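Enquirer: Here you go, coords04.tsv (TSV, C-alpha atoms):
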```tsv
chain	number	residue	atom	x	y	z
A	1	MET	CA	11.85	-17.35	-20.29
A	2	ALA	CA	8.31	-17.77	-21.63
A	3	VAL	CA	5.51	-15.68	-20.16
A	4	SER	CA	3.49	-18.73	-19.16
A	5	ALA	CA	6.48	-20.21	-17.33
A	6	VAL	CA	6.97	-17.20	-15.04
A	7	HIS	CA	3.38	-17.37	-13.78
A	8	ALA	CA	4.30	-20.53	-11.86
A	9	LEU	CA	7.45	-19.06	-10.30
A	10	ALA	CA	7.61	-17.79	-6.73
A	11	ASP	CA	8.32	-14.10	-6.16
A	12	ALA	CA	11.90	-14.82	-5.13
A	13	GLU	CA	12.53	-16.75	-8.35
A	14	CYS	CA	11.04	-13.96	-10.50
A	15	ALA	CA	13.12	-11.42	-8.58
A	16	ALA	CA	16.31	-13.42	-9.09
A	17	LEU	CA	15.63	-13.54	-12.82
A	18	ALA	CA	14.76	-9.83	-12.91
A	19	LYS	CA	18.00	-9.08	-11.08
A	20	ARG	CA	19.79	-10.69	-14.02
A	21	GLY	CA	17.85	-8.50	-16.46
A	22	ASP	CA	14.93	-10.79	-17.37
A	23	ARG	CA	12.17	-8.39	-18.45
A	24	ILE	CA	9.50	-11.10	-18.56
A	25	ALA	CA	10.13	-12.04	-14.92
A	26	PHE	CA	10.05	-8.36	-13.94
A	27	THR	CA	6.79	-7.89	-15.86
A	28	GLU	CA	5.33	-10.76	-13.85
A	29	LEU	CA	6.29	-9.01	-10.60
A	30	VAL	CA	4.65	-5.82	-11.88
A	31	ARG	CA	1.52	-7.82	-12.72
A	32	ARG	CA	1.45	-9.32	-9.24
A	33	TYR	CA	2.04	-6.12	-7.27
A	34	GLN	CA	0.89	-3.12	-9.29
A	35	GLY	CA	-2.64	-3.21	-7.87
A	36	ARG	CA	-1.50	-3.44	-4.26
A	37	ILE	CA	1.14	-0.74	-4.74
A	38	PHE	CA	-1.40	1.52	-6.46
A	39	ARG	CA	-3.99	1.11	-3.67
A	40	PHE	CA	-1.39	1.83	-1.01
A	41	VAL	CA	-0.06	4.92	-2.79
A	42	LEU	CA	-3.57	6.17	-3.63
A	43	ARG	CA	-4.43	6.25	0.06
A	44	MET	CA	-1.20	8.09	0.82
A	45	VAL	CA	-1.33	10.88	-1.78
A	46	ARG	CA	-3.79	13.41	-3.12
A	47	GLY	CA	-5.28	11.79	-6.15
A	48	ARG	CA	-5.58	9.06	-8.70
A	49	ASP	CA	-3.29	10.63	-11.30
A	50	ASP	CA	-0.54	11.16	-8.72
A	51	ALA	CA	-0.98	7.58	-7.50
A	52	LEU	CA	-0.73	6.25	-11.05
A	53	ASP	CA	2.45	8.25	-11.63
A	54	LEU	CA	3.96	7.14	-8.33
A	55	THR	CA	3.08	3.51	-9.00
A	56	GLN	CA	4.78	3.69	-12.37
A	57	ASP	CA	7.79	5.44	-10.78
A	58	THR	CA	7.97	2.68	-8.18
A	59	PHE	CA	8.40	0.02	-10.84
A	60	VAL	CA	10.79	2.11	-12.95
A	61	LYS	CA	12.96	2.65	-9.86
A	62	ALA	CA	12.71	-1.03	-8.97
A	63	TRP	CA	13.83	-2.07	-12.47
A	64	GLN	CA	16.76	0.33	-12.30
A	65	ALA	CA	17.72	-0.82	-8.80
A	66	PHE	CA	17.26	-4.56	-9.32
A	67	PRO	CA	21.00	-5.15	-9.88
A	68	GLU	CA	21.53	-4.00	-6.26
A	69	TRP	CA	18.54	-5.89	-4.81
A	70	GLN	CA	19.58	-8.39	-2.16
A	71	PRO	CA	17.80	-11.78	-2.20
A	72	GLN	CA	17.43	-11.80	1.60
A	73	ALA	CA	14.95	-8.92	1.22
A	74	ALA	CA	11.45	-10.06	0.28
A	75	VAL	CA	10.65	-8.46	-3.06
A	76	HIS	CA	7.19	-7.26	-2.01
A	77	THR	CA	8.51	-5.44	1.08
A	78	TRP	CA	11.22	-3.89	-1.08
A	79	LEU	CA	8.61	-2.70	-3.61
A	80	PHE	CA	6.46	-1.21	-0.83
A	81	GLN	CA	9.53	0.53	0.56
A	82	ILE	CA	10.17	2.16	-2.83
A	83	ALA	CA	6.48	3.12	-3.12
A	84	ARG	CA	6.40	4.50	0.40
A	85	ASN	CA	9.49	6.62	-0.18
A	86	GLY	CA	7.97	8.01	-3.37
A	87	ALA	CA	4.67	8.81	-1.62
A	88	ILE	CA	6.39	10.52	1.31
A	89	ASP	CA	8.56	12.56	-1.08
A	90	HIS	CA	5.43	13.55	-2.99
A	91	LEU	CA	3.67	14.64	0.22
A	92	ARG	CA	6.69	16.67	1.29
A	93	ARG	CA	6.96	18.37	-2.12
A	94	HIS	CA	3.29	19.32	-2.14
A	95	LYS	CA	3.01	20.07	1.58
A	96	ALA	CA	-0.56	18.96	1.45
A	97	ILE	CA	-2.12	15.80	2.70
A	98	GLU	CA	-5.54	15.03	1.39
A	99	PHE	CA	-7.47	11.80	1.25
A	100	VAL	CA	-9.00	10.50	-1.95
A	101	PRO	CA	-12.58	9.60	-1.06
A	102	HIS	CA	-14.00	6.27	-2.06
A	103	ALA	CA	-16.21	6.40	-5.14
A	104	ALA	CA	-19.74	7.24	-4.02
A	105	ASP	CA	-21.28	4.70	-6.38
A	106	ALA	CA	-19.04	1.81	-5.32
A	107	ASP	CA	-20.83	-1.21	-3.94
A	108	ILE	CA	-19.21	-1.71	-0.54
A	109	ALA	CA	-22.11	-3.31	1.28
A	110	GLU	CA	-22.18	-7.02	1.86
A	111	PRO	CA	-24.13	-9.06	-0.68
A	112	GLY	CA	-27.76	-9.37	0.27
A	113	ALA	CA	-27.75	-6.29	2.48
A	114	GLY	CA	-30.82	-4.11	2.27
A	115	PRO	CA	-30.74	-0.44	1.24
A	116	GLU	CA	-30.59	0.74	4.86
A	117	ASP	CA	-27.67	-1.57	5.61
A	118	ALA	CA	-25.88	-0.47	2.45
A	119	ALA	CA	-26.35	3.21	3.32
A	120	GLU	CA	-25.14	2.62	6.88
A	121	THR	CA	-22.09	0.71	5.64
A	122	ARG	CA	-21.23	3.49	3.17
A	123	GLN	CA	-21.57	6.08	5.96
A	124	ARG	CA	-19.31	4.09	8.32
A	125	TYR	CA	-16.82	3.67	5.49
A	126	ARG	CA	-16.81	7.44	4.81
A	127	LEU	CA	-16.28	8.17	8.52
A	128	LEU	CA	-13.40	5.69	8.63
A	129	GLU	CA	-11.84	7.18	5.49
A	130	ALA	CA	-12.16	10.72	6.90
A	131	ALA	CA	-10.59	9.62	10.18
A	132	LEU	CA	-7.78	7.89	8.28
A	133	GLN	CA	-7.15	11.11	6.35
A	134	ALA	CA	-7.04	13.12	9.56
A	135	ILE	CA	-4.19	11.17	11.15
A	136	ALA	CA	-0.49	11.75	10.44
A	137	PRO	CA	0.92	10.19	7.25
A	138	GLU	CA	3.27	7.92	9.22
A	139	HIS	CA	0.27	6.56	11.16
A	140	ARG	CA	-1.78	6.18	7.99
A	141	GLU	CA	0.97	4.31	6.14
A	142	ILE	CA	1.60	1.82	8.94
A	143	LEU	CA	-2.13	1.10	9.31
A	144	LEU	CA	-2.50	0.63	5.56
A	145	LEU	CA	0.40	-1.80	5.45
A	146	ARG	CA	-0.94	-3.79	8.41
A	147	GLU	CA	-4.72	-3.68	7.93
A	148	VAL	CA	-5.15	-3.32	4.17
A	149	GLU	CA	-2.04	-5.03	2.81
A	150	GLN	CA	-2.04	-7.50	5.72
A	151	MET	CA	1.72	-7.43	6.09
A	152	SER	CA	3.34	-9.02	9.13
A	153	TYR	CA	5.20	-6.87	11.65
A	154	GLU	CA	8.46	-8.16	10.19
A	155	GLU	CA	7.42	-7.27	6.63
A	156	ILE	CA	6.36	-3.80	7.70
A	157	GLY	CA	9.65	-3.42	9.54
A	158	ALA	CA	11.55	-4.39	6.41
A	159	SER	CA	9.54	-1.93	4.29
A	160	LEU	CA	9.94	0.96	6.73
A	161	ARG	CA	13.36	-0.04	8.04
A	162	LEU	CA	12.11	-0.42	11.61
A	163	SER	CA	12.38	-3.15	14.20
A	164	ALA	CA	9.33	-5.35	14.82
A	165	GLY	CA	8.98	-3.83	18.29
A	166	THR	CA	8.92	-0.30	16.88
A	167	VAL	CA	6.36	-1.40	14.30
A	168	LYS	CA	4.11	-2.79	17.05
A	169	SER	CA	4.30	0.40	19.11
A	170	ARG	CA	3.67	2.61	16.07
A	171	ILE	CA	0.67	0.52	15.08
A	172	ALA	CA	-0.71	0.87	18.61
A	173	ARG	CA	-0.22	4.66	18.49
A	174	ALA	CA	-1.73	4.83	14.99
A	175	ARG	CA	-4.79	2.84	16.07
A	176	ALA	CA	-5.23	5.09	19.10
A	177	ALA	CA	-4.95	8.18	16.90
A	178	LEU	CA	-7.50	6.75	14.48
A	179	LEU	CA	-9.94	5.90	17.28
A	180	THR	CA	-9.83	9.48	18.59
A	181	ARG	CA	-10.95	10.64	15.13
A	182	LEU	CA	-13.90	8.26	14.88
A	183	PRO	CA	-17.30	9.20	16.33
A	184	PRO	CA	-18.57	7.01	19.17
A	185	GLN	CA	-20.61	4.02	18.07
A	186	PRO	CA	-24.26	3.93	19.19
```
Once you've parsed the file, please lay out its structure as structure tokens.
Expert:
Amino acid sequence: MAVSAVHALADAECAALAKRGDRIAFTELVRRYQGRIFRFVLRMVRGRDDALDLTQDTFVKAWQAFPEWQPQAAVHTWLFQIARNGAIDHLRRHKAIEFVPHAADADIAEPGAGPEDAAETRQRYRLLEAALQAIAPEHREILLLREVEQMSYEEIGASLRLSAGTVKSRIARARAALLTRLPPQP
């Protein structure tokens, strides 16, 4: 299939083609999801190089496992499940959990914000990132999937192999744990 033709295909169609060994369709899935997978893994592991390696490993494992992929599983939840397993294995091997801070020079303030607003936003962001680092990895991963990746409870459940009810209760516990790590707002 031509590269331009796969851009118009839905994820499920690309996945079905990749399952049959179509490298172009698989490359399209990589293009669509590598950024999201990388951001998720980066927040789970110690550093950028590890996250790059784990992201690449995720897609290598996905390519190798595509013949066993079942179409009833959404391909993006399946990819996040592979990424999550790799990140958790990495954390277990290294027995260290450390957050990668956001780049100090990144522009995270809203457009048009003054210097004071920008500094305040950066400070709040740093506090949030530090609090996120301080909570357990299972809390961090579920919050990242829900709040950053904006996955539904069902999608998170599929990625983590949990029921939607368990996902909801874990998210509630994770949010509570995060709030205990944040300083009170003035």
Enquirer: Residues of range 45-100 of chain A that have any atom at most 12 Å from an atom of range 11-18 of chain A: could you tabulate them with the shortest-distance atom pair and the distance in Å to one decimal, using only C-alpha atoms, ordered by chain and increasing number, as JSON lines?
Expert:
```
{"residue": "A:Phe59", "atom": "CA", "partner": "A:Ala18", "partner_atom": "CA", "distance": 11.9}
{"residue": "A:Ala62", "atom": "CA", "partner": "A:Ala18", "partner_atom": "CA", "distance": 9.9}
{"residue": "A:Trp63", "atom": "CA", "partner": "A:Ala18", "partner_atom": "CA", "distance": 7.8}
{"residue": "A:Gln64", "atom": "CA", "partner": "A:Ala18", "partner_atom": "CA", "distance": 10.4}
{"residue": "A:Ala65", "atom": "CA", "partner": "A:Ala18", "partner_atom": "CA", "distance": 10.3}
{"residue": "A:Phe66", "atom": "CA", "partner": "A:Ala18", "partner_atom": "CA", "distance": 6.8}
{"residue": "A:Pro67", "atom": "CA", "partner": "A:Ala18", "partner_atom": "CA", "distance": 8.4}
{"residue": "A:Glu68", "atom": "CA", "partner": "A:Ala16", "partner_atom": "CA", "distance": 11.1}
{"residue": "A:Trp69", "atom": "CA", "partner": "A:Ala15", "partner_atom": "CA", "distance": 8.6}
{"residue": "A:Gln70", "atom": "CA", "partner": "A:Ala16", "partner_atom": "CA", "distance": 9.2}
{"residue": "A:Pro71", "atom": "CA", "partner": "A:Ala16", "partner_atom": "CA", "distance": 7.2}
{"residue": "A:Gln72", "atom": "CA", "partner": "A:Ala12", "partner_atom": "CA", "distance": 9.2}
{"residue": "A:Ala73", "atom": "CA", "partner": "A:Ala12", "partner_atom": "CA", "distance": 9.2}
{"residue": "A:Ala74", "atom": "CA", "partner": "A:Ala12", "partner_atom": "CA", "distance": 7.2}
{"residue": "A:Val75", "atom": "CA", "partner": "A:Ala15", "partner_atom": "CA", "distance": 6.7}
{"residue": "A:His76", "atom": "CA", "partner": "A:Asp11", "partner_atom": "CA", "distance": 8.1}
{"residue": "A:Thr77", "atom": "CA", "partner": "A:Asp11", "partner_atom": "CA", "distance": 11.3}
{"residue": "A:Trp78", "atom": "CA", "partner": "A:Ala15", "partner_atom": "CA", "distance": 10.8}
{"residue": "A:Leu79", "atom": "CA", "partner": "A:Ala15", "partner_atom": "CA", "distance": 11.0}
```
Enquirer: So which residues touch Glu149 in chain A within 12 Å, counting only C-alpha atoms, skipping near sequence neighbours fewer than 2 positions away, as a list in words?
Expert: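 Neighbouring residues, sequence-local ones excluded: Tyr33, Gly35, Arg36, Ile37, Phe38, Arg39, Phe40, Val41, Arg43, His76, Thr77, Phe80, Glu141, Ile142, Leu143, Leu144, Leu145, Arg146, Glu147, Met151, Ser152, Tyr153, Glu155 and Ile156 of chain A.
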Enquirer: Between A:Leu182, A:Phe26, A:Arg84, A:Lys61, which residue has the minimum interatomic distance to Tyr125 in chain A, considering all atoms listed in the file?
Expert: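 Checking each candidate against Tyr125 in chain A, we get A:Leu182 as the closest.
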Enquirer: List as a JSON list (two decimals) with C-alpha atoms, in the frame of the given file the protein and nucleic acid residues near Ala5 in chain A, meaning an atom at most 12 Å away when all atoms listed in the file are counted, but skip any in the same chain fewer than 4 places from it.
Expert:
```json
[["chain", "number", "residue", "atom", "x", "y", "z"],
["A", 1, "MET", "CA", 11.85, -17.35, -20.29],
["A", 9, "LEU", "CA", 7.45, -19.06, -10.30],
["A", 10, "ALA", "CA", 7.61, -17.79, -6.73],
["A", 13, "GLU", "CA", 12.53, -16.75, -8.35],
["A", 14, "CYS", "CA", 11.04, -13.96, -10.50],
["A", 24, "ILE", "CA", 9.50, -11.10, -18.56],
["A", 25, "ALA", "CA", 10.13, -12.04, -14.92],
["A", 28, "GLU", "CA", 5.33, -10.76, -13.85]]
```
Enquirer: Grab the CA of Ser163 in chain A to CA of Leu178 in chain A distance for me, in Å with one decimal place.
Expert: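 Pair CA of Ser163 in chain A / CA of Leu178 in chain A returns 22.2 Å.
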Enquirer: One number please: CA of Gln34 in chain A to CA of Thr55 in chain A, in Å, one decimal.
Expert: 7.0 Å
Enquirer: Tell me which of A:Glu129, A:Asp50, A:Glu116, A:Glu138 sits closest to Arg170 in chain A, counting all atoms listed in the file.
Expert: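 The shortest atom-to-atom distance to Arg170 in chain A comes from A:Glu138.
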Enquirer: Suppose you want the space between CA of Ile171 in chain A and CA of Gly47 in chain A; what is it in Å?
Expert: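 Atom-to-atom, CA of Ile171 in chain A and CA of Gly47 in chain A are spaced 24.8 Å apart.
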Enquirer: Tell me which of A:Ala172, A:His90, A:Val60, A:Met44 sits closest to Ala136 in chain A, counting all atoms listed in the file.
Expert: A:Met44
Enquirer: Missing atoms in range 154-173 of chain A should be modelled up to N, CA and C atoms and reported as a short mmCIF file (atom, residue, chain, number, x, y, z; two decimals), in the coordinates of the input.
Expert:
```cif
data_model
loop_
_atom_site.label_atom_id
_atom_site.label_comp_id
_atom_site.auth_asym_id
_atom_site.auth_seq_id
_atom_site.Cartn_x
_atom_site.Cartn_y
_atom_site.Cartn_z
N GLU A 154 7.11 -8.05 10.77
CA GLU A 154 8.46 -8.16 10.19
C GLU A 154 8.50 -7.57 8.78
N GLU A 155 7.47 -7.82 7.98
CA GLU A 155 7.42 -7.27 6.63
C GLU A 155 7.30 -5.75 6.66
N ILE A 156 6.48 -5.25 7.57
CA ILE A 156 6.36 -3.80 7.70
C ILE A 156 7.70 -3.22 8.14
N GLY A 157 8.34 -3.87 9.08
CA GLY A 157 9.65 -3.42 9.54
C GLY A 157 10.65 -3.37 8.41
N ALA A 158 10.64 -4.37 7.56
CA ALA A 158 11.55 -4.39 6.41
C ALA A 158 11.22 -3.26 5.45
N SER A 159 9.94 -3.00 5.21
CA SER A 159 9.54 -1.93 4.29
C SER A 159 9.89 -0.55 4.82
N LEU A 160 9.72 -0.36 6.13
CA LEU A 160 9.94 0.96 6.73
C LEU A 160 11.30 1.09 7.42
N ARG A 161 12.06 0.01 7.38
CA ARG A 161 13.36 -0.04 8.04
C ARG A 161 13.25 0.24 9.54
N LEU A 162 12.35 -0.53 10.17
CA LEU A 162 12.11 -0.42 11.61
C LEU A 162 12.17 -1.81 12.22
N SER A 163 12.43 -1.87 13.51
CA SER A 163 12.38 -3.15 14.20
C SER A 163 10.92 -3.56 14.40
N ALA A 164 10.70 -4.85 14.61
CA ALA A 164 9.33 -5.35 14.82
C ALA A 164 8.71 -4.70 16.05
N GLY A 165 9.49 -4.48 17.09
CA GLY A 165 8.98 -3.83 18.29
C GLY A 165 8.53 -2.40 18.03
N THR A 166 9.30 -1.68 17.24
CA THR A 166 8.92 -0.30 16.88
C THR A 166 7.67 -0.31 16.03
N VAL A 167 7.57 -1.28 15.14
CA VAL A 167 6.36 -1.40 14.30
C VAL A 167 5.14 -1.60 15.20
N LYS A 168 5.24 -2.51 16.16
CA LYS A 168 4.11 -2.79 17.05
C LYS A 168 3.70 -1.54 17.82
N SER A 169 4.66 -0.79 18.34
CA SER A 169 4.30 0.40 19.11
C SER A 169 3.72 1.48 18.21
N ARG A 170 4.23 1.61 17.00
CA ARG A 170 3.67 2.61 16.07
C ARG A 170 2.27 2.23 15.63
N ILE A 171 2.02 0.95 15.44
CA ILE A 171 0.67 0.52 15.08
C ILE A 171 -0.28 0.82 16.23
N ALA A 172 0.14 0.57 17.45
CA ALA A 172 -0.71 0.87 18.61
C ALA A 172 -1.01 2.37 18.68
N ARG A 173 0.00 3.21 18.47
CA ARG A 173 -0.22 4.66 18.49
C ARG A 173 -1.11 5.09 17.33
#
```
